Amino acid sequence: MATERRFDLSSPLSQLHSNEQVKHDSRYLRGTLQDSFADGITGSIDETDTLLTKFFGIYQQDDRDLRDERRRSKLEPDYQFMVRVRMPGGVCTAAQWLALDKLATEYTSGSLRLTTRQTFQFHGIRKNNLRRHIQGIVASGLDTIAACGDDNRNVICTANPLLSAAHAEVSETARQLGAHLLPRTGAYREIFLQQDGEVPAGTQEEPLYGPTYLPRKFKIALAVPPQNDIDVFAHDLGFIAIVVNGSIVGYNVTVGGGMGMTHKAAATFPRLGDIVGFCSPQDVIAVAEQTMCIQRDYGDRKDRAHARFKYTIDDRGTDWFRDELAQRVGKTLQPARAFHFETSGDRFGWHQGQDRRWHYTLFVENGRVSDFPGRSVQSGLRAIAAMHGSLFALTTNQNVTIAGVAAADKPAIDALLREHGIANDANGTALRQHSIACVAFPTCGLAMAESERYLPKLLDQLDVVIREAGLERERISIRMSGCPNGCSRPYVAEIGLVGKAPGKYNLYLGASASGDRLNALHRENIGEQQILDTLRPLLFDYAKHRQSGESFGDFLVRTAVVRAMRAGRDFQKEPA
Amino acid sequence: MMEPSNETDTAAWAVTPLPPTLAAEARQLIARLDQGQRLWLSGFLAGASNRTAPLSSAPGQPKQSAVTILYGSQSGNSERLAQRIGAALTQRGVAFTSLDMIDCRKNHLEEARAVLMVVSTHGEGDPPDRALPLHELLHGRKAPKLSHLKYSVLALGDSSYERYCETGRQFDARLAALGAERLHERVDCDVDFDAAAQRWIDAVVGQVAKSYTTSSAFESIETGIASRPMASVSNAYTRKNPFHAPVLSNQRLTARHSSKDVRHIELSLEGSSIHYEPGDAIGVVPANRSSDVNALLNALRFDPELPVQVEERSVPLREALTDRYDIGLVNKGLLSRYAAAITVDSLTELLRPERADELRPYLHGRHLIDIVREHPSVGLEAAAFIQILRPLAPRLYSIASSQRATPDEAHLTVSLVQYQSLGLDRVGVVSGQLSDLTAEDALAPIYLHRNPNFRLPAERERPVIMIGPGTGVAPFRSFLAEREAVGATSRNWLFFGDRSFNADFLYQTDWLDWRKRGILQRIDAAFSRDSAEKFYVQHRMHERGQELFNWLEDGASLYVCGDAEYMAPDVHRALLDIIVRHGARSQDDAAEYLVQLQRERRYQRDVY
Ligand code: SRM
Ligand SMILES: Cc1cc2nc3c(=O)[nH]c(=O)nc-3n(C[C@H](O)[C@H](O)[C@H](O)COP(=O)(O)OP(=O)(O)OC[C@H]3O[C@@H](n4cnc5c(N)ncnc54)[C@H](O)[C@@H]3O)c2cc1C
Ligand SMILES: Cc1cc2nc3c(=O)[nH]c(=O)nc-3n(C[C@H](O)[C@H](O)[C@H](O)COP(=O)(O)O)c2cc1C
Ligand code: SF4
């Protein structure tokens, strides 16, 4: 299965994608960033510098709503920056919540955004505020290193470390993995924190990454069954905790998952990770490091649309991977153990943990922490953070768990939730609570269609159908992405909507409820009315003819509305 | 998995066969070339690579090859096909110019003889971003006539979209409507465009090869620009006999949340034989707003049709009040004439010398209509009333374009005067009149106002420093366009200032383009409302004092345009300080230094 080496780390730079040269020439990500910040004539930074800031969790964007108008007015695009926080495992203290909330009101368009990788994003930061903003985040005890870029991203894990000893251990492992695989360049301190001078040329600053870092982003996720909230199969590398009698005996390892594709390019596809074996808790760091290094060495560095680990695995096969890993780690993976996943959704509302403390998982529509008419999410959570003082655990479904609440404090929190109109029971059907939308317009430069600004309105209409069909308590997952990159992980949703053009979406159906089967294309390039017209009879059918305990996705596959999508490489191919 | 690469340019560089250092040098060199030089170079290289072309053509002579490949691409497909067309043309020995639509100006279309267009469709049947300006140009009032042109369109699209290959279709139809002749039917390509595109390329290249042999590839095309007499010659148009210039464009420059409304107004001078130089202004013949005239007539209770004598002509009163007399702000002279005519004691009282302190605030923002309402003109005849009024003066606007760069056009930068006084909304007479000219067939009554005291240096190598906050920046847009068009080699430095960086950076993209192209070496900007402490141009000048002084010592000419009340004196003081500090001179010597600059015409001001 193994193919010869082509366009990977072993090839001369001149044969690779130009980004490789940029990284190589950047002096460990310094580039001309200092000059870019000094330039007061444009709100943007130099084009090659925009590639470098990503490694520090910073994206240059512009308000796309205004792009055309400003072009006509001979004004440059409304440049602004998105900043993503590094927060392995999604945990922050109440004090950190308050600090970030304050930064949002100071330097950004106002709101906080909880992401599908359980961290915070800020939007709308101007170039001249950017460094102060980053320094504010660092002052809170967090940072933004490697939140984006060709490196190991924020490590995610099943939410809420306070739930059980196993959750705590997984969360700690996520933290250690994140720390171990963190880029070490001094550029962050020098340029963004404005602390020290540049280290001497020739210093090997990145023992793990080298000067060209990874071919592409690399994502690690850890799950504690039966919860698959983090969609373990959707990431480059996954660890499924095997819990025996309450303690973790080791992890099943999955490799080669990922979502992004390009419409109509069959060589690109979402892919679910393959389970390649089992490792002990002591070996997790070595397995993760060496897997990342395998991708560093073998990943495609010429075609960025083919550069993710999933293609390395798909091209070379899992046997090759197991051998390569065994060689590097010095031992082979053991056979995978049995496990069971129930859902990729969150457990909403109050639930009690092992230590009898309470936790409330709050539905935050699309993760947007802002004040809406009748629903003041931002003020409400600010008030809770101010009184509660314990932990906030972000979920990868863009929600947040208020964690570690003493029984005596529950009524006060309930009162605040009600007072701000944000308690879960006030906010709609189970379908809505299992919805995810990516950011898309107006900030995402890659969006082809609306997502976050549109899904709630579409759900207003779908909720009517859902209620008519009597399915309002049925946990059906619906996920929308504004483009095929799939930031909401739409290809593992029972209802997936992926943007093609303004107002137009591809409709994918039939994923499992637990995240272990992809969905399949059902309708292409359709607008709102067609979406409603298509889903309505299917939902009614489901309400009437489903078998006991059968999920919507399973029902659609069983009744042959869509085919069962077995392999990513078939995803964009016509059925045989 | 789309790469965030909005610059197709970058995509092209990404696949360059040049080694990195050479690529960087080439990129820098190209950035320094102006449009004409680039065109020549592309033609030269195209010719050089097919060897049969004569290599002896002198630089500057051939402007553009007869065959032009024009591509509009978002994600790179059309651009790649353009390269393929280029390769096919080279193989057949046809020289060509390949142009990204974003770089295509009117004159490229006028100079080309055959255009091979590849363009995709995006959004919901919209042109790619980089094709938008050309799309707008061709569909707008400034579209050129193209009867000299042969063309064919290759349209890229995706048939799963409702408006399949819409942009290609539109260009195809529009080129035909503008008089161009199809040399081959348009071909629409779906996502698997390879085969269809190749068939179109084979057919079209075959046709083109027949007509445009290599030897004619370097024919020099008469542009009509170079031969135009460029001195601003006086012409017949005056304020009494203005040229009615069609308004080609009336575009707001300030962002929607700006506190100001500043317009970029493009006027057509076609057929006027007006020839201006950078530094000149356009005079606009004023007319009072009809609502203001009506309000005044009502307050006065005069018959609008009553004939009155104006300059030995009898005209209806309404017309006289519209075109001839200033009915806006009241000054002391007008107030005393009015007070005398209607004998109102309270006004006469107010006008006594010892009450001067009260008079100024009284007059501030007070219009004729306010006085008439407060003190009705009982018993005053219309004929006598108009006798006390001031004539309505024309307003001047600096020209913000160069005729060498945009022949037959004059651009203005007009800040709309809007304010409230005595509880009423007021609008500037002429800035209001101009900003209302938005209709398709709108005409502006104008004449040329020459300004020989605000002229670029004759020497092309002399550095230029321009200080122009607010609308004061207008003539500097003309300066830079001119310097680029004539291929001036020197350094240029602009100081700009306004309220907000985000909302009020007039012509920001123009300056950025010129900076990128190496025309504008330095630009510094100050925004007064972006931070707690107010920053103005003079502060930026201080920060850059040493360098500014060095430029002056190197022979730079210095220009100041804009506000006369605060800015010009502040800038003058800043200059003195800089010369004292960095030139180690006394105050007196510094003043003399500036006077000497003025003598040498190296310190010129146009302030208002
Ligand atoms: C905020 C977030 C979506 C959300 O609504 O929560 C997001 C937002 C963006 N993603 Fe994502 N992605 C987010 C999770 C994901 C996920 C889900 C996951 O990892 O669990 C995926 C699919 C998994 C995968 O990686 O395959 C995902 C796949 C992508 C891709 C496609 C990558 C690929 O190789 O296929 C891109 C585009 C790219 O990298 O070229 C992308 C790019 C982007 C960018 C940065 C757009 C860009 O490159 O210019 C988006 C910024 C939009 C904005 O204005 O904020 N994002 N992105 C998520 C932030 C996660 C985090 O905190 O790190
Ligand atoms: C050589 C030259 C070049 C010029 N170039 C330009 C140019 O490029 N762009 C440009 O926009 N203008 C330019 N001007 C100014 C222009 O000629 C006009 O003066 C300006 O547009 C105002 O004319 P208006 O008829 O619209 O306003 P008017 O009806 O003349 O009203 C303007 C007057 O209103 C009064 N006023 C304004 N604001 C207030 C307030 N808040 N409270 C009370 N009173 C107020 C002031 O007295 C002001 O003079 C230039 C002038 C000169 C002499
Ligand atoms: C967001 C988006 C919208 C599109 N809209 C249309 C459309 O409305 N009509 C069409 O024919 N093709 C449409 N297309 C398809 C493109 O025109 C096609 O992919 C083409 O090959 C792109 O060429 P380019 O890379 O030169 O831009 C669209 C593509 C994208 C990504
Ligand atoms: S899925 Fe596409 S549109 Fe949505 S945030 Fe990700 S990159 Fe942007």
# chains A, B, ... in the order shown; residues from 1 in each chain; ligands from 1
$ residues_near_ligand --ligand "ligand 2" --cutoff "7 Å" --atoms "only C-alpha atoms and all ligand atoms" --output "PyMOL selection string"
chain B and resi 281+328+364-365+395-399+412-421+427-432+471-472+474+606-608
$ write_last_selection --atoms "C-alpha atoms" --output "tab-separated table (two decimals), in the first residue's frame"
chain	number	residue	atom	x	y	z
B	281	ALA	CA	-9.45	73.64	-10.27
B	328	GLY	CA	-27.45	82.05	2.39
B	364	HIS	CA	-23.05	82.74	13.07
B	365	GLY	CA	-25.10	80.30	11.04
B	395	ARG	CA	-17.26	77.62	-6.05
B	396	LEU	CA	-13.93	76.04	-6.90
B	397	TYR	CA	-12.92	72.40	-6.55
B	398	SER	CA	-9.39	71.12	-7.01
B	399	ILE	CA	-9.10	68.63	-9.82
B	412	LEU	CA	-13.50	66.28	-8.02
B	413	THR	CA	-13.45	65.55	-4.31
B	414	VAL	CA	-16.40	67.30	-2.77
B	415	SER	CA	-17.13	67.47	0.91
B	416	LEU	CA	-20.84	68.04	1.45
B	417	VAL	CA	-21.41	71.00	3.76
B	418	GLN	CA	-24.17	70.08	6.20
B	419	TYR	CA	-24.93	71.64	9.53
B	420	GLN	CA	-27.67	72.81	11.80
B	421	SER	CA	-28.17	76.35	12.87
B	427	VAL	CA	-26.87	72.34	3.14
B	428	GLY	CA	-24.00	74.02	1.27
B	429	VAL	CA	-25.17	75.53	-1.99
B	430	VAL	CA	-22.73	74.00	-4.43
B	431	SER	CA	-21.53	70.95	-2.52
B	432	GLY	CA	-25.25	70.18	-2.09
B	471	THR	CA	-10.29	67.32	0.68
B	472	GLY	CA	-6.91	69.03	0.50
B	474	ALA	CA	-7.54	66.09	-4.06
B	606	ASP	CA	-3.51	76.04	-2.34
B	607	VAL	CA	-5.59	76.63	0.73
B	608	TYR	CA	-9.20	77.61	1.22
$ residues_near_ligand --ligand "ligand 1" --cutoff "7 Å" --atoms "only C-alpha atoms and all ligand atoms" --output "VMD selection string"
(chain A and resid 59 82 84 114 to 121 123 147 to 148 153 to 154 217 219 234 to 235 258 to 261 305 308 366 398 437 to 440 443 to 446 485 to 489) or (chain B and resid 1 to 4)
$ interface_residues --of "chain A" --to "chain B" --cutoff "8 Å" --atoms "only C-alpha atoms" --output "tab-separated table (two decimals) with all heavy atoms, in the first residue's frame"
chain	number	residue	atom	x	y	z
A	14	SER	N	11.77	24.13	-3.33
A	14	SER	CA	11.32	24.75	-4.59
A	14	SER	C	10.23	23.92	-5.25
A	14	SER	O	9.50	24.42	-6.09
A	14	SER	CB	12.50	24.93	-5.52
A	14	SER	OG	13.08	23.68	-5.78
A	17	HIS	N	4.68	23.59	-2.09
A	17	HIS	CA	3.76	24.74	-2.05
A	17	HIS	C	4.50	25.97	-1.53
A	17	HIS	O	5.37	25.86	-0.66
A	17	HIS	CB	2.59	24.40	-1.13
A	17	HIS	CG	1.46	25.38	-1.21
A	17	HIS	ND1	1.48	26.57	-0.52
A	17	HIS	CD2	0.31	25.35	-1.91
A	17	HIS	CE1	0.37	27.23	-0.79
A	17	HIS	NE2	-0.36	26.51	-1.63
A	18	SER	N	4.14	27.12	-2.06
A	18	SER	CA	4.88	28.34	-1.70
A	18	SER	C	4.81	28.64	-0.20
A	18	SER	O	5.70	29.29	0.34
A	18	SER	CB	4.35	29.52	-2.50
A	18	SER	OG	2.98	29.71	-2.21
A	40	GLY	N	0.85	52.27	9.38
A	40	GLY	CA	-0.42	52.87	9.76
A	40	GLY	C	-1.31	53.22	8.58
A	40	GLY	O	-2.37	53.84	8.76
A	41	ILE	N	-0.93	52.86	7.39
A	41	ILE	CA	-1.69	53.25	6.20
A	41	ILE	C	-2.71	52.19	5.84
A	41	ILE	O	-3.68	52.44	5.15
A	41	ILE	CB	-0.72	53.48	5.02
A	41	ILE	CG1	0.30	54.55	5.40
A	41	ILE	CG2	-1.45	53.90	3.76
A	41	ILE	CD1	-0.31	55.83	5.94
A	42	THR	N	-2.47	50.99	6.33
A	42	THR	CA	-3.42	49.92	6.06
A	42	THR	C	-3.76	49.20	7.36
A	42	THR	O	-2.90	49.10	8.25
A	42	THR	CB	-2.86	48.91	5.03
A	42	THR	OG1	-3.73	47.77	4.99
A	42	THR	CG2	-1.46	48.45	5.39
A	70	ARG	N	-17.17	49.25	0.32
A	70	ARG	CA	-15.91	49.94	0.60
A	70	ARG	C	-15.02	50.01	-0.65
A	70	ARG	O	-14.31	50.98	-0.86
A	70	ARG	CB	-15.18	49.30	1.77
A	70	ARG	CG	-15.86	49.57	3.11
A	70	ARG	CD	-15.12	48.94	4.27
A	70	ARG	NE	-13.80	49.51	4.47
A	70	ARG	CZ	-13.54	50.55	5.29
A	70	ARG	NH1	-14.51	51.10	5.97
A	70	ARG	NH2	-12.31	50.99	5.42
A	72	ARG	N	-16.04	50.34	-3.66
A	72	ARG	CA	-16.55	51.46	-4.44
A	72	ARG	C	-16.12	52.78	-3.83
A	72	ARG	O	-15.89	53.76	-4.53
A	72	ARG	CB	-18.08	51.45	-4.46
A	72	ARG	CG	-18.66	50.50	-5.43
A	72	ARG	CD	-20.18	50.53	-5.30
A	72	ARG	NE	-20.71	49.20	-5.41
A	72	ARG	CZ	-20.89	48.57	-6.57
A	72	ARG	NH1	-20.62	49.18	-7.68
A	72	ARG	NH2	-21.35	47.35	-6.61
A	73	SER	N	-16.06	52.84	-2.52
A	73	SER	CA	-15.68	54.07	-1.84
A	73	SER	C	-14.16	54.26	-1.81
A	73	SER	O	-13.67	55.14	-1.13
A	73	SER	CB	-16.21	54.06	-0.41
A	73	SER	OG	-17.60	54.24	-0.42
A	74	LYS	N	-13.46	53.41	-2.52
A	74	LYS	CA	-12.00	53.49	-2.57
A	74	LYS	C	-11.38	53.37	-1.18
A	74	LYS	O	-10.34	53.96	-0.89
A	74	LYS	CB	-11.54	54.78	-3.28
A	74	LYS	CG	-12.04	54.88	-4.72
A	74	LYS	CD	-11.56	56.13	-5.41
A	74	LYS	CE	-12.20	56.32	-6.78
A	74	LYS	NZ	-11.70	55.38	-7.79
A	75	LEU	N	-12.06	52.62	-0.34
A	75	LEU	CA	-11.51	52.31	0.98
A	75	LEU	C	-11.09	50.85	0.96
A	75	LEU	O	-11.73	50.02	0.30
A	75	LEU	CB	-12.58	52.50	2.07
A	75	LEU	CG	-13.02	53.93	2.32
A	75	LEU	CD1	-14.29	53.97	3.15
A	75	LEU	CD2	-11.91	54.73	3.01
A	76	GLU	N	-10.01	50.53	1.66
A	76	GLU	CA	-9.62	49.13	1.69
A	76	GLU	C	-10.68	48.33	2.43
A	76	GLU	O	-11.52	48.90	3.14
A	76	GLU	CB	-8.25	48.99	2.37
A	76	GLU	CG	-8.29	49.25	3.87
A	76	GLU	CD	-6.94	49.02	4.55
A	76	GLU	OE1	-5.93	48.81	3.86
A	76	GLU	OE2	-6.92	49.05	5.79
A	78	ASP	N	-12.62	46.26	5.23
A	78	ASP	CA	-12.70	46.60	6.65
A	78	ASP	C	-11.89	45.56	7.43
A	78	ASP	O	-12.45	44.68	8.09
A	78	ASP	CB	-14.18	46.58	7.07
A	78	ASP	CG	-14.38	47.19	8.43
A	78	ASP	OD1	-13.49	47.90	8.90
A	78	ASP	OD2	-15.45	46.94	9.02
A	260	GLY	N	-12.86	18.52	6.05
A	260	GLY	CA	-12.86	19.43	4.91
A	260	GLY	C	-12.77	18.76	3.55
A	260	GLY	O	-12.13	17.73	3.37
A	261	MET	N	-13.44	19.37	2.59
A	261	MET	CA	-13.33	18.93	1.19
A	261	MET	C	-13.58	20.13	0.30
A	261	MET	O	-13.84	21.23	0.79
A	261	MET	CB	-14.36	17.83	0.90
A	261	MET	CG	-15.80	18.31	1.05
A	261	MET	SD	-16.96	17.08	0.43
A	261	MET	CE	-18.40	18.10	0.11
A	262	THR	N	-13.44	19.94	-0.99
A	262	THR	CA	-13.78	20.97	-1.95
A	262	THR	C	-14.95	20.44	-2.75
A	262	THR	O	-14.90	19.29	-3.21
A	262	THR	CB	-12.59	21.25	-2.88
A	262	THR	OG1	-11.45	21.50	-2.07
A	262	THR	CG2	-12.86	22.45	-3.78
A	264	LYS	N	-17.15	19.09	-5.42
A	264	LYS	CA	-16.96	18.56	-6.77
A	264	LYS	C	-15.54	18.08	-7.05
A	264	LYS	O	-15.26	17.69	-8.17
A	264	LYS	CB	-17.34	19.62	-7.82
A	264	LYS	CG	-18.78	20.06	-7.73
A	264	LYS	CD	-19.55	19.54	-8.90
A	264	LYS	CE	-20.99	19.95	-8.80
A	264	LYS	NZ	-21.79	19.35	-9.84
A	304	ARG	N	-2.01	21.62	-0.85
A	304	ARG	CA	-2.58	21.82	0.49
A	304	ARG	C	-3.98	21.21	0.61
A	304	ARG	O	-4.46	21.00	1.71
A	304	ARG	CB	-2.55	23.30	0.89
A	304	ARG	CG	-1.12	23.74	1.24
A	304	ARG	CD	-1.05	25.18	1.70
A	304	ARG	NE	-1.75	25.47	2.94
A	304	ARG	CZ	-1.25	25.30	4.17
A	304	ARG	NH1	-0.03	24.82	4.34
A	304	ARG	NH2	-1.97	25.65	5.22
A	305	ALA	N	-4.61	20.94	-0.51
A	305	ALA	CA	-5.92	20.29	-0.47
A	305	ALA	C	-5.76	18.79	-0.25
A	305	ALA	O	-6.73	18.06	-0.17
A	305	ALA	CB	-6.69	20.56	-1.75
A	445	GLY	N	-13.49	34.36	5.65
A	445	GLY	CA	-13.10	34.67	4.28
A	445	GLY	C	-13.45	33.56	3.30
A	445	GLY	O	-13.42	33.76	2.10
A	446	LEU	N	-13.76	32.38	3.81
A	446	LEU	CA	-13.98	31.25	2.92
A	446	LEU	C	-15.46	30.94	2.72
A	446	LEU	O	-15.82	30.08	1.94
A	446	LEU	CB	-13.27	30.02	3.47
A	446	LEU	CG	-11.78	30.23	3.77
A	446	LEU	CD1	-11.16	28.97	4.37
A	446	LEU	CD2	-11.03	30.60	2.51
A	448	MET	N	-19.16	30.59	1.61
A	448	MET	CA	-19.88	30.71	0.34
A	448	MET	C	-21.34	31.03	0.61
A	448	MET	O	-22.03	31.53	-0.26
A	448	MET	CB	-19.78	29.40	-0.44
A	448	MET	CG	-18.37	29.01	-0.79
A	448	MET	SD	-18.34	27.37	-1.50
A	448	MET	CE	-16.62	27.26	-1.99
A	484	PRO	N	-17.62	23.93	2.24
A	484	PRO	CA	-17.36	22.50	2.46
A	484	PRO	C	-16.22	22.21	3.43
A	484	PRO	O	-15.94	21.04	3.68
A	484	PRO	CB	-17.05	21.99	1.05
A	484	PRO	CG	-16.68	23.17	0.25
A	484	PRO	CD	-17.41	24.33	0.83
A	485	ASN	N	-15.55	23.21	3.98
A	485	ASN	CA	-14.50	22.94	4.96
A	485	ASN	C	-15.06	22.22	6.19
A	485	ASN	O	-14.35	21.51	6.87
A	485	ASN	CB	-13.81	24.23	5.39
A	485	ASN	CG	-12.86	24.72	4.32
A	485	ASN	OD1	-12.21	23.93	3.65
A	485	ASN	ND2	-12.82	26.02	4.15
A	501	ALA	N	-23.45	28.56	-2.34
A	501	ALA	CA	-23.53	29.94	-2.85
A	501	ALA	C	-24.55	30.63	-1.95
A	501	ALA	O	-25.28	29.95	-1.22
A	501	ALA	CB	-23.98	29.95	-4.30
A	502	PRO	N	-24.64	31.95	-2.02
A	502	PRO	CA	-25.60	32.62	-1.14
A	502	PRO	C	-26.98	31.98	-1.24
A	502	PRO	O	-27.54	31.84	-2.32
A	502	PRO	CB	-25.62	34.05	-1.67
A	502	PRO	CG	-24.25	34.24	-2.26
A	502	PRO	CD	-23.87	32.90	-2.83
A	524	GLU	N	-28.66	18.55	-3.96
A	524	GLU	CA	-27.56	19.46	-4.24
A	524	GLU	C	-28.08	20.87	-4.50
A	524	GLU	O	-29.07	21.04	-5.22
A	524	GLU	CB	-26.81	18.95	-5.49
A	524	GLU	CG	-25.40	19.43	-5.56
A	524	GLU	CD	-24.65	18.82	-6.74
A	524	GLU	OE1	-25.14	17.83	-7.32
A	524	GLU	OE2	-23.59	19.36	-7.09
A	525	ASN	N	-27.38	21.85	-3.91
A	525	ASN	CA	-27.59	23.25	-4.29
A	525	ASN	C	-29.05	23.69	-4.18
A	525	ASN	O	-29.62	24.22	-5.13
A	525	ASN	CB	-27.11	23.42	-5.74
A	525	ASN	CG	-26.61	24.82	-5.99
A	525	ASN	OD1	-26.17	25.51	-5.07
A	525	ASN	ND2	-26.67	25.26	-7.23
$ atom_distance --atom1 "atom CA of Ile465 of chain B" --atom2 "atom CA of Trp493 of chain B"
4.7 Å
$ select_by_dssp --residues "segment 419-493 of chain B" --states "strand (DSSP E)" --output "JSON, numbers by chain"
{"B": [419, 420, 421, 424, 425, 426, 427, 443, 444, 445, 446, 447, 448, 449, 464, 465, 466, 467, 492, 493]}
$ residues_around --residues "Arg529 of chain B" --least-positions-apart "3" --cutoff "7 Å" --atoms "only C-alpha atoms" --output "PyMOL selection string"
chain B and resi 499-500+534
$ write_last_selection --atoms "all heavy atoms" --output "PDB file, in the first residue's frame"
ATOM      1  N   ARG B 499     -10.574  62.511  10.136  1.00  0.00           N
ATOM      2  CA  ARG B 499     -11.072  62.147  11.463  1.00  0.00           C
ATOM      3  C   ARG B 499     -10.788  60.696  11.820  1.00  0.00           C
ATOM      4  O   ARG B 499     -10.173  60.407  12.824  1.00  0.00           O
ATOM      5  CB  ARG B 499     -12.572  62.402  11.545  1.00  0.00           C
ATOM      6  CG  ARG B 499     -12.880  63.877  11.645  1.00  0.00           C
ATOM      7  CD  ARG B 499     -14.361  64.123  11.681  1.00  0.00           C
ATOM      8  NE  ARG B 499     -14.640  65.553  11.685  1.00  0.00           N
ATOM      9  CZ  ARG B 499     -15.843  66.059  11.486  1.00  0.00           C
ATOM     10  NH1 ARG B 499     -16.873  65.265  11.276  1.00  0.00           N
ATOM     11  NH2 ARG B 499     -16.027  67.362  11.497  1.00  0.00           N
ATOM     12  N   SER B 500     -11.279  59.773  10.975  1.00  0.00           N
ATOM     13  CA  SER B 500     -11.179  58.367  11.354  1.00  0.00           C
ATOM     14  C   SER B 500     -10.511  57.539  10.257  1.00  0.00           C
ATOM     15  O   SER B 500     -10.849  57.661   9.079  1.00  0.00           O
ATOM     16  CB  SER B 500     -12.581  57.826  11.665  1.00  0.00           C
ATOM     17  OG  SER B 500     -12.736  56.522  11.160  1.00  0.00           O
ATOM     18  N   LYS B 534      -5.580  64.092  20.142  1.00  0.00           N
ATOM     19  CA  LYS B 534      -5.832  64.365  18.726  1.00  0.00           C
ATOM     20  C   LYS B 534      -4.534  64.398  17.939  1.00  0.00           C
ATOM     21  O   LYS B 534      -3.584  65.067  18.340  1.00  0.00           O
ATOM     22  CB  LYS B 534      -6.566  65.699  18.586  1.00  0.00           C
ATOM     23  CG  LYS B 534      -7.915  65.666  19.287  1.00  0.00           C
ATOM     24  CD  LYS B 534      -8.892  66.615  18.659  1.00  0.00           C
ATOM     25  CE  LYS B 534     -10.306  66.177  19.045  1.00  0.00           C
ATOM     26  NZ  LYS B 534     -11.338  66.868  18.331  1.00  0.00           N
TER      27      LYS B 534
END
$ atom_distance --atom1 "atom CA of Ile467 of chain B" --atom2 "atom CA of Ser557 of chain B"
11.1 Å
$ residues_around --residues "Asp300 of chain A" --least-positions-apart "5" --cutoff "12 Å" --atoms "only C-alpha atoms" --output "ChimeraX atom specification"
/A:4-11,15-17,20,214-216,294-295,305-313,315-316
$ closest_residue --among "A:Arg558, A:Arg175, A:Lys500, A:Arg337" --to "ligand 3" --atoms "only C-alpha atoms and all ligand atoms"
A:Lys500
$ residues_around --residues "His180 of chain A" --least-positions-apart "2" --cutoff "10 Å" --atoms "only C-alpha atoms" --output "PyMOL selection string"
chain A and resi 152+174-178+182-184+208+285-286+288-289
$ residues_around --residues "Gln433 of chain A" --least-positions-apart "2" --cutoff "10 Å" --atoms "only C-alpha atoms" --output "list in words"
Gly345, Asp346, Phe348, Leu362, Phe363, Val364, Glu365, Asn366, Asn397, Asn399, Asn424, Asn427, Gly428, Thr429, Ala430, Leu431, Ser435, Ile436, Arg473, Arg475, Ile476, Ser477 and Ile478 of chain A
$ residues_around --residues "Val562 of chain A" --least-positions-apart "3" --cutoff "9 Å" --atoms "only C-alpha atoms" --output "ChimeraX atom specification"
/A:508-510,519-522,556-559,565
$ write_last_selection --atoms "N, CA and C atoms" --output "compact mmCIF listing (two decimals), in the first residue's frame"
# COMPACT_ATOMS: atom_id res chain seq x y z
N TYR A 508 -27.07 16.83 3.18
CA TYR A 508 -26.54 15.49 3.43
C TYR A 508 -27.35 14.85 4.55
N LEU A 509 -27.65 13.57 4.41
CA LEU A 509 -28.48 12.89 5.40
C LEU A 509 -27.89 11.53 5.76
N GLY A 510 -28.28 11.05 6.94
CA GLY A 510 -28.06 9.63 7.25
C GLY A 510 -26.82 9.31 8.04
N ASN A 519 -22.62 10.97 6.69
CA ASN A 519 -23.86 11.09 5.94
C ASN A 519 -23.56 11.05 4.44
N ALA A 520 -24.62 11.16 3.64
CA ALA A 520 -24.43 11.08 2.19
C ALA A 520 -25.24 12.18 1.52
N LEU A 521 -24.77 12.58 0.36
CA LEU A 521 -25.45 13.67 -0.35
C LEU A 521 -26.86 13.26 -0.74
N HIS A 522 -27.83 14.11 -0.39
CA HIS A 522 -29.20 13.78 -0.74
C HIS A 522 -29.74 14.76 -1.78
N LEU A 556 -33.15 6.73 8.04
CA LEU A 556 -33.04 7.10 6.63
C LEU A 556 -32.19 6.10 5.85
N VAL A 557 -31.22 5.51 6.54
CA VAL A 557 -30.40 4.50 5.87
C VAL A 557 -31.19 3.20 5.72
N ARG A 558 -31.89 2.84 6.81
CA ARG A 558 -32.66 1.59 6.73
C ARG A 558 -33.73 1.65 5.65
N THR A 559 -34.37 2.82 5.52
CA THR A 559 -35.44 2.92 4.54
C THR A 559 -34.90 3.35 3.17
N MET A 565 -22.91 5.60 4.07
CA MET A 565 -21.62 6.02 3.55
C MET A 565 -20.52 5.32 4.34
